[in-house]
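J.: Sending over input17.txt (compact mmCIF, N, CA and C atoms and all ligand atoms).
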```txt
# COMPACT_ATOMS: atom_id res chain seq x y z
N MET A 1 -104.62 19.15 52.29
CA MET A 1 -103.72 20.12 52.94
C MET A 1 -102.97 19.50 54.11
N ALA A 2 -103.66 18.65 54.85
CA ALA A 2 -103.03 18.05 56.03
C ALA A 2 -101.82 17.20 55.61
N GLY A 3 -101.96 16.45 54.52
CA GLY A 3 -100.86 15.61 54.05
C GLY A 3 -99.65 16.42 53.64
N PHE A 4 -99.89 17.56 53.04
CA PHE A 4 -98.79 18.44 52.63
C PHE A 4 -97.95 18.85 53.82
N TRP A 5 -98.59 19.29 54.88
CA TRP A 5 -97.84 19.74 56.06
C TRP A 5 -97.11 18.58 56.72
N LYS A 6 -97.74 17.42 56.78
CA LYS A 6 -97.12 16.25 57.40
C LYS A 6 -95.82 15.91 56.68
N ARG A 7 -95.85 15.92 55.36
CA ARG A 7 -94.65 15.59 54.60
C ARG A 7 -93.54 16.61 54.84
N ARG A 8 -93.90 17.87 54.90
CA ARG A 8 -92.90 18.91 55.14
C ARG A 8 -92.19 18.70 56.47
N ILE A 9 -92.95 18.33 57.49
CA ILE A 9 -92.36 18.17 58.82
C ILE A 9 -91.45 16.94 58.85
N PHE A 10 -91.87 15.86 58.24
CA PHE A 10 -91.10 14.63 58.35
C PHE A 10 -89.82 14.63 57.52
N ARG A 11 -89.76 15.48 56.50
CA ARG A 11 -88.54 15.51 55.68
C ARG A 11 -87.35 15.99 56.50
N ASN A 12 -87.61 16.85 57.45
CA ASN A 12 -86.52 17.46 58.20
C ASN A 12 -86.71 17.20 59.68
N VAL A 13 -87.00 15.94 60.01
CA VAL A 13 -87.38 15.62 61.39
C VAL A 13 -86.15 15.70 62.31
N ALA A 14 -86.32 16.37 63.43
CA ALA A 14 -85.23 16.51 64.39
C ALA A 14 -85.12 15.25 65.24
N ARG A 15 -83.86 14.88 65.54
CA ARG A 15 -83.64 13.71 66.40
C ARG A 15 -82.94 14.16 67.67
N LYS A 16 -83.16 13.39 68.71
CA LYS A 16 -82.55 13.72 69.99
C LYS A 16 -81.07 13.37 69.96
N PRO A 17 -80.23 14.19 70.62
CA PRO A 17 -78.80 13.88 70.66
C PRO A 17 -78.53 12.69 71.57
N VAL A 18 -77.40 12.05 71.39
CA VAL A 18 -77.00 10.89 72.18
C VAL A 18 -76.01 11.36 73.23
N SER A 19 -76.30 11.09 74.50
CA SER A 19 -75.40 11.56 75.55
C SER A 19 -74.23 10.60 75.72
N LYS A 20 -73.11 11.17 76.13
CA LYS A 20 -71.89 10.40 76.31
C LYS A 20 -71.15 10.99 77.51
N ILE A 21 -70.67 10.11 78.39
CA ILE A 21 -69.92 10.57 79.56
C ILE A 21 -68.43 10.54 79.23
N GLU A 22 -67.77 11.64 79.49
CA GLU A 22 -66.34 11.71 79.24
C GLU A 22 -65.65 12.23 80.49
N ASN A 23 -64.44 11.75 80.73
CA ASN A 23 -63.64 12.30 81.81
C ASN A 23 -62.56 13.20 81.21
N TYR A 24 -62.33 14.33 81.85
CA TYR A 24 -61.23 15.18 81.42
C TYR A 24 -60.58 15.81 82.63
N LEU A 25 -59.40 16.34 82.44
CA LEU A 25 -58.66 16.95 83.54
C LEU A 25 -58.90 18.44 83.53
N LYS A 26 -59.59 18.91 84.57
CA LYS A 26 -59.81 20.35 84.71
C LYS A 26 -58.62 20.95 85.44
N TYR A 27 -58.16 22.10 85.00
CA TYR A 27 -56.99 22.79 85.56
C TYR A 27 -55.74 21.90 85.51
N GLY A 28 -55.81 20.79 84.76
CA GLY A 28 -54.65 19.92 84.64
C GLY A 28 -54.53 18.87 85.73
N PHE A 29 -55.38 18.92 86.77
CA PHE A 29 -55.23 17.91 87.83
C PHE A 29 -56.56 17.47 88.44
N VAL A 30 -57.66 18.11 88.15
CA VAL A 30 -58.95 17.70 88.71
C VAL A 30 -59.63 16.75 87.72
N ILE A 31 -59.82 15.50 88.13
CA ILE A 31 -60.49 14.53 87.26
C ILE A 31 -61.98 14.88 87.26
N THR A 32 -62.49 15.24 86.12
CA THR A 32 -63.86 15.76 86.03
C THR A 32 -64.67 14.92 85.04
N GLU A 33 -65.87 14.55 85.49
CA GLU A 33 -66.78 13.81 84.64
C GLU A 33 -67.69 14.81 83.94
N HIS A 34 -67.75 14.71 82.63
CA HIS A 34 -68.49 15.69 81.85
C HIS A 34 -69.41 14.95 80.89
N GLU A 35 -70.67 15.37 80.86
CA GLU A 35 -71.60 14.74 79.93
C GLU A 35 -71.67 15.59 78.67
N CYS A 36 -71.40 14.97 77.54
CA CYS A 36 -71.52 15.71 76.28
C CYS A 36 -72.53 14.99 75.40
N TYR A 37 -72.91 15.64 74.34
CA TYR A 37 -73.94 15.11 73.46
C TYR A 37 -73.40 14.93 72.05
N CYS A 38 -73.77 13.79 71.46
CA CYS A 38 -73.28 13.45 70.12
C CYS A 38 -74.44 13.47 69.13
N CYS A 39 -74.09 13.66 67.87
CA CYS A 39 -75.06 13.60 66.79
C CYS A 39 -75.61 12.18 66.68
N PRO A 40 -76.93 11.99 66.62
CA PRO A 40 -77.48 10.63 66.52
C PRO A 40 -77.21 9.98 65.17
N ALA A 41 -76.82 10.76 64.18
CA ALA A 41 -76.59 10.20 62.85
C ALA A 41 -75.13 9.84 62.64
N CYS A 42 -74.19 10.76 62.93
CA CYS A 42 -72.78 10.49 62.61
C CYS A 42 -71.91 10.39 63.86
N ARG A 43 -72.49 10.59 65.04
CA ARG A 43 -71.78 10.42 66.32
C ARG A 43 -70.69 11.46 66.56
N LYS A 44 -70.71 12.54 65.82
CA LYS A 44 -69.76 13.62 66.11
C LYS A 44 -70.21 14.29 67.40
N VAL A 45 -69.25 14.63 68.27
CA VAL A 45 -69.58 15.32 69.51
C VAL A 45 -70.04 16.74 69.16
N LEU A 46 -71.22 17.10 69.65
CA LEU A 46 -71.77 18.42 69.36
C LEU A 46 -71.26 19.43 70.37
N ASN A 47 -70.96 20.61 69.89
CA ASN A 47 -70.49 21.69 70.75
C ASN A 47 -71.72 22.34 71.39
N ALA A 48 -72.26 21.66 72.42
CA ALA A 48 -73.51 22.12 73.01
C ALA A 48 -73.38 22.19 74.52
N GLY A 49 -74.14 23.09 75.12
CA GLY A 49 -74.17 23.22 76.57
C GLY A 49 -75.47 23.87 76.98
N PRO A 50 -75.61 24.12 78.29
CA PRO A 50 -76.86 24.72 78.77
C PRO A 50 -77.16 26.07 78.10
N ASP A 51 -76.11 26.78 77.71
CA ASP A 51 -76.32 28.12 77.15
C ASP A 51 -76.35 28.12 75.62
N TYR A 52 -75.92 27.04 75.02
CA TYR A 52 -75.85 27.02 73.56
C TYR A 52 -76.14 25.63 73.03
N GLN A 53 -77.12 25.53 72.16
CA GLN A 53 -77.43 24.26 71.52
C GLN A 53 -77.54 24.49 70.02
N PRO A 54 -76.69 23.86 69.23
CA PRO A 54 -76.79 24.02 67.78
C PRO A 54 -78.06 23.35 67.27
N ARG A 55 -78.64 23.89 66.23
CA ARG A 55 -79.88 23.30 65.69
C ARG A 55 -79.57 22.19 64.70
N TYR A 56 -78.35 22.20 64.18
CA TYR A 56 -77.98 21.17 63.20
C TYR A 56 -76.58 20.68 63.53
N CYS A 57 -76.31 19.41 63.19
CA CYS A 57 -74.95 18.87 63.32
C CYS A 57 -74.07 19.59 62.31
N SER A 58 -72.89 20.05 62.77
CA SER A 58 -72.00 20.80 61.88
C SER A 58 -71.35 19.87 60.86
N GLN A 59 -71.36 18.57 61.11
CA GLN A 59 -70.68 17.64 60.20
C GLN A 59 -71.63 17.07 59.14
N CYS A 60 -72.80 16.57 59.56
CA CYS A 60 -73.66 15.90 58.59
C CYS A 60 -74.97 16.62 58.35
N GLY A 61 -75.26 17.68 59.12
CA GLY A 61 -76.48 18.45 58.88
C GLY A 61 -77.73 17.87 59.49
N GLN A 62 -77.59 16.81 60.29
CA GLN A 62 -78.76 16.24 60.97
C GLN A 62 -79.38 17.28 61.88
N LYS A 63 -80.69 17.43 61.81
CA LYS A 63 -81.37 18.36 62.70
C LYS A 63 -81.42 17.75 64.09
N ILE A 64 -81.09 18.54 65.09
CA ILE A 64 -81.01 18.04 66.46
C ILE A 64 -82.07 18.73 67.30
N ASN A 65 -82.75 17.96 68.13
CA ASN A 65 -83.75 18.50 69.03
C ASN A 65 -83.24 18.35 70.46
N PHE A 66 -82.85 19.47 71.07
CA PHE A 66 -82.31 19.42 72.43
C PHE A 66 -83.39 19.60 73.50
N SER A 67 -84.66 19.73 73.07
CA SER A 67 -85.70 19.96 74.08
C SER A 67 -85.85 18.70 74.93
N GLY A 68 -85.97 18.90 76.22
CA GLY A 68 -86.09 17.77 77.13
C GLY A 68 -84.76 17.25 77.64
N VAL A 69 -83.65 17.81 77.12
CA VAL A 69 -82.32 17.38 77.60
C VAL A 69 -82.09 17.99 78.99
N ALA A 70 -81.75 17.14 79.95
CA ALA A 70 -81.44 17.61 81.29
C ALA A 70 -79.93 17.79 81.38
N TRP A 71 -79.50 19.03 81.37
CA TRP A 71 -78.06 19.30 81.41
C TRP A 71 -77.53 19.01 82.80
N LYS A 72 -76.45 18.25 82.86
CA LYS A 72 -75.86 17.92 84.14
C LYS A 72 -74.63 18.79 84.38
N ARG A 73 -74.42 19.12 85.64
CA ARG A 73 -73.19 19.81 86.00
C ARG A 73 -72.03 18.84 85.90
N ASP A 74 -70.87 19.37 85.64
CA ASP A 74 -69.67 18.54 85.68
C ASP A 74 -69.48 18.03 87.10
N VAL A 75 -69.02 16.78 87.24
CA VAL A 75 -68.81 16.19 88.55
C VAL A 75 -67.31 16.02 88.75
N GLU A 76 -66.80 16.55 89.87
CA GLU A 76 -65.38 16.39 90.16
C GLU A 76 -65.18 15.07 90.89
N LEU A 77 -64.43 14.18 90.28
CA LEU A 77 -64.26 12.83 90.82
C LEU A 77 -63.10 12.74 91.80
N GLY A 78 -62.14 13.61 91.66
CA GLY A 78 -60.98 13.55 92.54
C GLY A 78 -59.81 14.27 91.91
N TYR A 79 -58.65 14.10 92.51
CA TYR A 79 -57.47 14.79 92.03
C TYR A 79 -56.45 13.77 91.53
N MET A 80 -55.67 14.22 90.57
CA MET A 80 -54.58 13.39 90.07
C MET A 80 -53.60 13.12 91.21
N GLN A 81 -53.16 11.86 91.31
CA GLN A 81 -52.14 11.54 92.29
C GLN A 81 -50.79 12.03 91.78
N ARG A 82 -50.11 12.79 92.60
CA ARG A 82 -48.79 13.25 92.19
C ARG A 82 -47.77 12.17 92.52
N ARG A 83 -46.93 11.90 91.59
CA ARG A 83 -45.87 10.89 91.80
C ARG A 83 -44.54 11.63 91.84
N ASP A 84 -44.26 12.18 93.02
CA ASP A 84 -43.03 12.99 93.10
C ASP A 84 -42.01 12.38 94.06
N GLY A 85 -42.19 11.09 94.40
CA GLY A 85 -41.17 10.42 95.20
C GLY A 85 -41.32 10.62 96.70
N HIS A 86 -42.41 11.24 97.14
CA HIS A 86 -42.60 11.44 98.58
C HIS A 86 -43.63 10.49 99.15
N GLU A 87 -43.52 9.21 98.79
CA GLU A 87 -44.45 8.22 99.33
C GLU A 87 -44.15 8.04 100.82
N PRO A 88 -45.18 7.78 101.67
CA PRO A 88 -44.94 7.62 103.12
C PRO A 88 -44.20 6.34 103.46
N PHE A 89 -44.03 5.45 102.49
CA PHE A 89 -43.27 4.23 102.78
C PHE A 89 -42.28 4.11 101.66
ZN ZN A 101 -73.94 14.45 62.40
```
Before we go any further, please render this structure as structure tokens.
Ligand SMILES: [Zn+2]
T.:
Amino acid sequence: MAGFWKRRIFRNVARKPVSKIENYLKYGFVITEHECYCCPACRKVLNAGPDYQPRYCSQCGQKINFSGVAWKRDVELGYMQRRDGHEPF
């Protein structure tokens, strides 16, 4: 009986997502560092966050285990420099 259950679990074993740091422009001018998570099998970026974690990759069906993931807040790195011709020199 024990072997039966072991095989069932390993056939559909969940893997941890791969974190990736991305920068994006919030509101069009705030340079923001955002941590997103990718599928460990096909590297598709998963649509996941602190409030929502998919159980499977939507592209390849890999089971994903988000337990133990420490969600980070977005970090604001600075503002886009405006180039409007008003340089002080
Ligand atoms: Zn995938």
J.: Could the residues that lie within 6.5 Å of ligand ZN 101 (chain A), counting all atoms listed in the file, be listed as a list in words?
T.: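 Counting only what the definition allows, namely all atoms listed in the file, the set is Cys39, Pro40, Ala41, Cys42, Arg43, Lys44, Cys57, Ser58, Gln59, Cys60, Gly61 and Gln62 of chain A.
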J.: Can I get the selection written as a PDB file, in the coordinates of the input, with N, CA and C atoms?
T.:
```
ATOM      1  N   CYS A  39     -74.090  13.660  67.870  1.00  0.00           N
ATOM      2  CA  CYS A  39     -75.060  13.600  66.790  1.00  0.00           C
ATOM      3  C   CYS A  39     -75.610  12.180  66.680  1.00  0.00           C
ATOM      4  N   PRO A  40     -76.930  11.990  66.620  1.00  0.00           N
ATOM      5  CA  PRO A  40     -77.480  10.630  66.520  1.00  0.00           C
ATOM      6  C   PRO A  40     -77.210   9.980  65.170  1.00  0.00           C
ATOM      7  N   ALA A  41     -76.820  10.760  64.180  1.00  0.00           N
ATOM      8  CA  ALA A  41     -76.590  10.200  62.850  1.00  0.00           C
ATOM      9  C   ALA A  41     -75.130   9.840  62.640  1.00  0.00           C
ATOM     10  N   CYS A  42     -74.190  10.760  62.930  1.00  0.00           N
ATOM     11  CA  CYS A  42     -72.780  10.490  62.610  1.00  0.00           C
ATOM     12  C   CYS A  42     -71.910  10.390  63.860  1.00  0.00           C
ATOM     13  N   ARG A  43     -72.490  10.590  65.040  1.00  0.00           N
ATOM     14  CA  ARG A  43     -71.780  10.420  66.320  1.00  0.00           C
ATOM     15  C   ARG A  43     -70.690  11.460  66.560  1.00  0.00           C
ATOM     16  N   LYS A  44     -70.710  12.540  65.820  1.00  0.00           N
ATOM     17  CA  LYS A  44     -69.760  13.620  66.110  1.00  0.00           C
ATOM     18  C   LYS A  44     -70.210  14.290  67.400  1.00  0.00           C
ATOM     19  N   CYS A  57     -76.310  19.410  63.190  1.00  0.00           N
ATOM     20  CA  CYS A  57     -74.950  18.870  63.320  1.00  0.00           C
ATOM     21  C   CYS A  57     -74.070  19.590  62.310  1.00  0.00           C
ATOM     22  N   SER A  58     -72.890  20.050  62.770  1.00  0.00           N
ATOM     23  CA  SER A  58     -72.000  20.800  61.880  1.00  0.00           C
ATOM     24  C   SER A  58     -71.350  19.870  60.860  1.00  0.00           C
ATOM     25  N   GLN A  59     -71.360  18.570  61.110  1.00  0.00           N
ATOM     26  CA  GLN A  59     -70.680  17.640  60.200  1.00  0.00           C
ATOM     27  C   GLN A  59     -71.630  17.070  59.140  1.00  0.00           C
ATOM     28  N   CYS A  60     -72.800  16.570  59.560  1.00  0.00           N
ATOM     29  CA  CYS A  60     -73.660  15.900  58.590  1.00  0.00           C
ATOM     30  C   CYS A  60     -74.970  16.620  58.350  1.00  0.00           C
ATOM     31  N   GLY A  61     -75.260  17.680  59.120  1.00  0.00           N
ATOM     32  CA  GLY A  61     -76.480  18.450  58.880  1.00  0.00           C
ATOM     33  C   GLY A  61     -77.730  17.870  59.490  1.00  0.00           C
ATOM     34  N   GLN A  62     -77.590  16.810  60.290  1.00  0.00           N
ATOM     35  CA  GLN A  62     -78.760  16.240  60.970  1.00  0.00           C
ATOM     36  C   GLN A  62     -79.380  17.280  61.880  1.00  0.00           C
TER      37      GLN A  62
END
```
J.: Quick one, how far is atom C of Asp51 (chain A) from CA of Glu22 (chain A)?
T.: 19.6 Å
J.: Would you pick out the contacts of Ile64 (chain A) at 8 Å or less, using only C-alpha atoms, so that residues sharing its chain but fewer than 3 positions from it are not included, and give the list as a ChimeraX atom specification?
T.: /A:14-17,39,54-57
J.: At what distance in Å, to one decimal, does atom N of Val45 (chain A) lie from atom N of Thr32 (chain A)?
T.: 19.1 Å
J.: Applying 7 Å and all atoms listed in the file, which residues near Glu33 (chain A) remain after dropping the ones on its own chain fewer than 4 positions away? List them as a list in words.
T.: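 What passes the distance filter is Ile21, Glu22, Asn23, Tyr24, Arg73, Asp74, Val75, Glu76 and Leu77 of chain A.
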J.: Save the residues we just selected, N, CA and C atoms, as a short mmCIF file (atom, residue, chain, number, x, y, z; two decimals), in the coordinates of the input?
T.:
```cif
data_model
loop_
_atom_site.label_atom_id
_atom_site.label_comp_id
_atom_site.auth_asym_id
_atom_site.auth_seq_id
_atom_site.Cartn_x
_atom_site.Cartn_y
_atom_site.Cartn_z
N ILE A 21 -70.67 10.11 78.39
CA ILE A 21 -69.92 10.57 79.56
C ILE A 21 -68.43 10.54 79.23
N GLU A 22 -67.77 11.64 79.49
CA GLU A 22 -66.34 11.71 79.24
C GLU A 22 -65.65 12.23 80.49
N ASN A 23 -64.44 11.75 80.73
CA ASN A 23 -63.64 12.30 81.81
C ASN A 23 -62.56 13.20 81.21
N TYR A 24 -62.33 14.33 81.85
CA TYR A 24 -61.23 15.18 81.42
C TYR A 24 -60.58 15.81 82.63
N ARG A 73 -74.42 19.12 85.64
CA ARG A 73 -73.19 19.81 86.00
C ARG A 73 -72.03 18.84 85.90
N ASP A 74 -70.87 19.37 85.64
CA ASP A 74 -69.67 18.54 85.68
C ASP A 74 -69.48 18.03 87.10
N VAL A 75 -69.02 16.78 87.24
CA VAL A 75 -68.81 16.19 88.55
C VAL A 75 -67.31 16.02 88.75
N GLU A 76 -66.80 16.55 89.87
CA GLU A 76 -65.38 16.39 90.16
C GLU A 76 -65.18 15.07 90.89
N LEU A 77 -64.43 14.18 90.28
CA LEU A 77 -64.26 12.83 90.82
C LEU A 77 -63.10 12.74 91.80
#
```
J.: So how far away is CA of Ala70 (chain A) from CA of Cys36 (chain A), in Å?
T.: 11.3 Å
J.: I'd like to know which of A:Phe29, A:Phe66, A:Tyr37, A:Tyr52 is closest to Gly78 (chain A), using all atoms listed in the file.
T.: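 Looking at the shortest contact to Gly78 (chain A), the residue is A:Phe29.
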J.: Can you list, as a list in words, all residues belonging to chain A that DSSP tags as helix (DSSP H, G or I)?
T.: Ala2, Gly3, Phe4, Trp5, Lys6, Arg7, Arg8, Ile9, Phe10 and Arg11 of chain A
J.: List every residue of region 41-78 of chain A that DSSP, applied to the backbone of this structure, assigns to strand (DSSP E or B), and report them as a list in words.
T.: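 Going through region 41-78 of chain A, the strand (DSSP E or B) residues come out as Val45, Leu46, Gly49, Tyr52, Tyr56, Lys63, Ile64, Val75, Glu76, Leu77 and Gly78 of chain A.
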J.: Which residue, A:Asn47, A:Tyr27, A:Lys20, A:Cys38, has the smallest gap to Lys72 (chain A) when you use only C-alpha atoms?
T.: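 The answer is A:Lys20, which sits nearest to Lys72 (chain A).
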J.: Which residue gives the smallest distance to Val18 (chain A) among A:Gln53, A:Lys63, A:Arg82, A:Leu46, with only C-alpha atoms counted?
T.: A:Leu46
J.: Padding 8 Å on every side, please: axis-aligned box over the listed atoms of region 44-57 of chain A, centre and edge lengths to one decimal in Å, as JSON.
T.:
```
{"center_x": -74.6, "center_y": 20.3, "center_z": 70.5, "size_x": 26.6, "size_y": 31.6, "size_z": 32.5}
```
